[in-house]
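Below is one structure; the comments refer to it alone.
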Amino acid sequence: MTKSIQPRKQRKAFFNAPLHKKRKSTSAHFSMDLALKYKRRNFPVVKGDKIEVMRGRYKGYKNEVVEVNIKQSSLVVEGATYAKTDGTRVPRYISCSNVKILKLNLSDPWRRRKIVERLSPERRVEIEREVKKEEEAKEREREEEEKEEEEEIEEEPEEKERKVKDKEKK
């Protein structure tokens, strides 16, 4: 960040850094199997990554990242919330340094390219296959959800007709 070794100048450089440099501070360590698979130690966290909280109140909590705040260098994990005094649930921001990545979201082609650029060609092909399988599975899930929604929409007019007929009988 800066050439100075003074802590105050290091902190100032960190807090005043532009977002494209702060993004690197949103990095988190890989789990052991991911580190061996991708030959890397860490990578910036993005929405959709599956993580485990390593420190703090939610230690041991494993779930998907819902939001990443680059300015604060923190993230929101699905289900990690706290209750306000009025009873509403608010997401708890967790520092990126306190989490470990269990599964990467490789839907972004740029991110996929960055993660596999250090790997051998065989490993690249293997990872591309995995990504295609995941995308196909997600596509199937979307199609099933759309079919269910269409069925619900088709059922609604029939239910209305039944209710009208029941009222007429009474």
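Letters A, B, ... go to the chains of the structure tokens in the order shown; residues in each chain start at 1; ligands are counted from 1 in the same order.
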Can I get the residues of region 78-137 of chain A within 10 Å of region 29-39 of chain A, each with the closest pair of atoms and their distance in Å to one decimal, using only C-alpha atoms, sorted chain first then ascending number, as a tab-separated table?
```
residue	atom	partner	partner_atom	distance
A:Cys96	CA	A:His29	CA	9.1
A:Ser97	CA	A:His29	CA	8.0
A:Asn98	CA	A:His29	CA	9.1
A:Val99	CA	A:His29	CA	7.3
A:Lys100	CA	A:His29	CA	5.1
A:Ile101	CA	A:Phe30	CA	4.8
A:Leu102	CA	A:Ser31	CA	5.5
A:Lys103	CA	A:Leu34	CA	7.6
A:Leu104	CA	A:Leu34	CA	8.7
A:Ile115	CA	A:Tyr38	CA	6.9
A:Val116	CA	A:Tyr38	CA	6.9
A:Glu117	CA	A:Tyr38	CA	9.5
A:Arg118	CA	A:Lys39	CA	7.4
A:Leu119	CA	A:Tyr38	CA	6.9
A:Ser120	CA	A:Tyr38	CA	10.0
A:Arg123	CA	A:Lys37	CA	8.4
A:Arg124	CA	A:Tyr38	CA	9.6
A:Ile127	CA	A:Tyr38	CA	9.4
```
With only C-alpha atoms counted and 9 Å as the cut-off, give the residues of region 79-125 of chain A in contact with region 130-137 of chain A, each with its shortest interatomic distance in Å and the pair that gives it, as a tab-separated table.
```
residue	atom	partner	partner_atom	distance
A:Leu106	CA	A:Val131	CA	6.8
A:Ser107	CA	A:Val131	CA	7.5
A:Val125	CA	A:Glu130	CA	8.8
```
Writing out the chosen residues with C-alpha atoms as an mmCIF file, in the first residue's frame:
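The result, written out as selection-v7.cif:
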```cif
data_model
loop_
_atom_site.group_PDB
_atom_site.id
_atom_site.type_symbol
_atom_site.label_atom_id
_atom_site.label_comp_id
_atom_site.auth_asym_id
_atom_site.auth_seq_id
_atom_site.Cartn_x
_atom_site.Cartn_y
_atom_site.Cartn_z
ATOM 1 C CA LEU A 106 -17.320 -19.661 -10.647
ATOM 2 C CA SER A 107 -20.247 -18.324 -12.680
ATOM 3 C CA VAL A 125 -10.459 -28.969 -18.301
#
```
Just asking: which residues within chain A are strand (DSSP E or B) according to DSSP, as a compact mmCIF listing (two decimals) with N, CA and C atoms, in the first residue's frame?
```
# COMPACT_ATOMS: atom_id res chain seq x y z
N SER A 27 -10.31 -10.52 0.53
CA SER A 27 -9.88 -11.90 0.31
C SER A 27 -10.04 -12.73 1.58
N ALA A 28 -10.27 -14.01 1.38
CA ALA A 28 -10.36 -14.96 2.49
C ALA A 28 -9.58 -16.21 2.12
N HIS A 29 -9.12 -16.92 3.13
CA HIS A 29 -8.36 -18.14 2.90
C HIS A 29 -9.27 -19.22 2.32
N PHE A 30 -8.66 -20.11 1.55
CA PHE A 30 -9.35 -21.29 1.04
C PHE A 30 -9.35 -22.38 2.09
N ASN A 42 -5.53 -17.90 -1.06
CA ASN A 42 -6.72 -17.08 -0.81
C ASN A 42 -7.23 -16.47 -2.11
N PHE A 43 -8.41 -15.87 -2.02
CA PHE A 43 -9.04 -15.26 -3.18
C PHE A 43 -10.13 -14.32 -2.67
N PRO A 44 -10.42 -13.21 -3.39
CA PRO A 44 -11.48 -12.30 -2.94
C PRO A 44 -12.85 -13.00 -2.91
N LYS A 50 -19.61 -20.15 -0.92
CA LYS A 50 -20.00 -20.82 0.32
C LYS A 50 -18.83 -20.68 1.29
N ILE A 51 -19.09 -20.17 2.49
CA ILE A 51 -18.01 -19.90 3.44
C ILE A 51 -18.32 -20.49 4.81
N GLU A 52 -17.28 -20.55 5.64
CA GLU A 52 -17.42 -20.94 7.04
C GLU A 52 -16.83 -19.82 7.88
N VAL A 53 -17.57 -19.41 8.91
CA VAL A 53 -17.08 -18.37 9.80
C VAL A 53 -16.12 -19.01 10.80
N LYS A 62 -21.80 -22.19 8.56
CA LYS A 62 -21.49 -22.42 7.15
C LYS A 62 -22.71 -22.07 6.32
N ASN A 63 -22.52 -21.13 5.38
CA ASN A 63 -23.61 -20.79 4.48
C ASN A 63 -23.09 -19.94 3.33
N GLU A 64 -24.00 -19.47 2.50
CA GLU A 64 -23.66 -18.73 1.29
C GLU A 64 -23.56 -17.23 1.57
N VAL A 65 -22.66 -16.56 0.86
CA VAL A 65 -22.50 -15.11 0.98
C VAL A 65 -23.63 -14.43 0.22
N VAL A 66 -24.31 -13.51 0.89
CA VAL A 66 -25.43 -12.79 0.30
C VAL A 66 -24.98 -11.44 -0.25
N GLU A 67 -24.01 -10.81 0.43
CA GLU A 67 -23.58 -9.47 0.04
C GLU A 67 -22.13 -9.27 0.47
N VAL A 68 -21.36 -8.55 -0.34
CA VAL A 68 -19.99 -8.18 0.02
C VAL A 68 -19.89 -6.66 -0.02
N ASN A 69 -19.43 -6.07 1.08
CA ASN A 69 -19.25 -4.62 1.17
C ASN A 69 -17.76 -4.33 1.06
N SER A 74 -16.14 -6.25 4.47
CA SER A 74 -16.94 -7.19 5.23
C SER A 74 -18.00 -7.81 4.34
N LEU A 75 -18.68 -8.83 4.86
CA LEU A 75 -19.68 -9.54 4.07
C LEU A 75 -20.86 -9.93 4.94
N VAL A 76 -21.95 -10.29 4.27
CA VAL A 76 -23.16 -10.76 4.94
C VAL A 76 -23.36 -12.21 4.54
N VAL A 77 -23.55 -13.07 5.54
CA VAL A 77 -23.78 -14.49 5.31
C VAL A 77 -25.27 -14.76 5.50
N GLU A 78 -25.81 -15.60 4.63
CA GLU A 78 -27.23 -15.93 4.70
C GLU A 78 -27.55 -16.53 6.07
N GLY A 79 -28.52 -15.93 6.76
CA GLY A 79 -28.95 -16.44 8.05
C GLY A 79 -28.23 -15.85 9.24
N ALA A 80 -27.12 -15.15 9.05
CA ALA A 80 -26.39 -14.53 10.16
C ALA A 80 -27.00 -13.16 10.43
N THR A 81 -27.98 -13.13 11.31
CA THR A 81 -28.69 -11.89 11.62
C THR A 81 -28.76 -11.69 13.12
N TYR A 82 -29.13 -10.48 13.52
CA TYR A 82 -29.39 -10.21 14.93
C TYR A 82 -30.68 -9.43 15.03
N ALA A 83 -31.31 -9.47 16.21
CA ALA A 83 -32.60 -8.83 16.39
C ALA A 83 -32.42 -7.43 16.97
N ARG A 89 -35.22 -8.32 12.16
CA ARG A 89 -33.93 -9.00 11.98
C ARG A 89 -33.08 -8.20 11.00
N VAL A 90 -31.81 -7.98 11.36
CA VAL A 90 -30.88 -7.20 10.55
C VAL A 90 -29.66 -8.07 10.27
N PRO A 91 -29.14 -8.04 9.03
CA PRO A 91 -27.96 -8.87 8.73
C PRO A 91 -26.73 -8.41 9.51
N ARG A 92 -25.94 -9.37 9.95
CA ARG A 92 -24.70 -9.08 10.68
C ARG A 92 -23.54 -9.09 9.70
N TYR A 93 -22.79 -8.00 9.66
CA TYR A 93 -21.61 -7.93 8.80
C TYR A 93 -20.46 -8.64 9.49
N ILE A 94 -19.76 -9.48 8.72
CA ILE A 94 -18.63 -10.25 9.23
C ILE A 94 -17.40 -9.88 8.43
N SER A 95 -16.28 -9.70 9.11
CA SER A 95 -15.05 -9.33 8.43
C SER A 95 -14.57 -10.48 7.54
N VAL A 99 -13.30 -15.44 7.86
CA VAL A 99 -14.00 -16.52 7.19
C VAL A 99 -13.04 -17.36 6.35
N LYS A 100 -13.52 -18.55 5.99
CA LYS A 100 -12.77 -19.46 5.13
C LYS A 100 -13.69 -19.87 3.99
N ILE A 101 -13.19 -19.86 2.77
CA ILE A 101 -14.00 -20.22 1.60
C ILE A 101 -14.05 -21.74 1.46
N LEU A 102 -15.27 -22.29 1.41
CA LEU A 102 -15.46 -23.72 1.24
C LEU A 102 -15.75 -24.10 -0.21
N LYS A 103 -16.49 -23.22 -0.91
CA LYS A 103 -16.85 -23.49 -2.30
C LYS A 103 -16.92 -22.16 -3.05
```
message: Going by DSSP on the backbone, which residues of region 5-168 of chain A come out as helix (DSSP H, G or I)? List them as a ChimeraX atom specification.
response: /A:7-15,19-26,32-38,96-98,109-116,121-168
query: Using only C-alpha atoms, which of A:Met54, A:Ile5, A:Ile70, A:Val46 sits nearest Pro18 (chain A)?
result: A:Ile70
- prompt: Which distance in Å separates CA of Arg11 (chain A) and CA of Arg23 (chain A), to one decimal?
  reply: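 For CA of Arg11 (chain A) relative to CA of Arg23 (chain A), the distance reads 15.7 Å.
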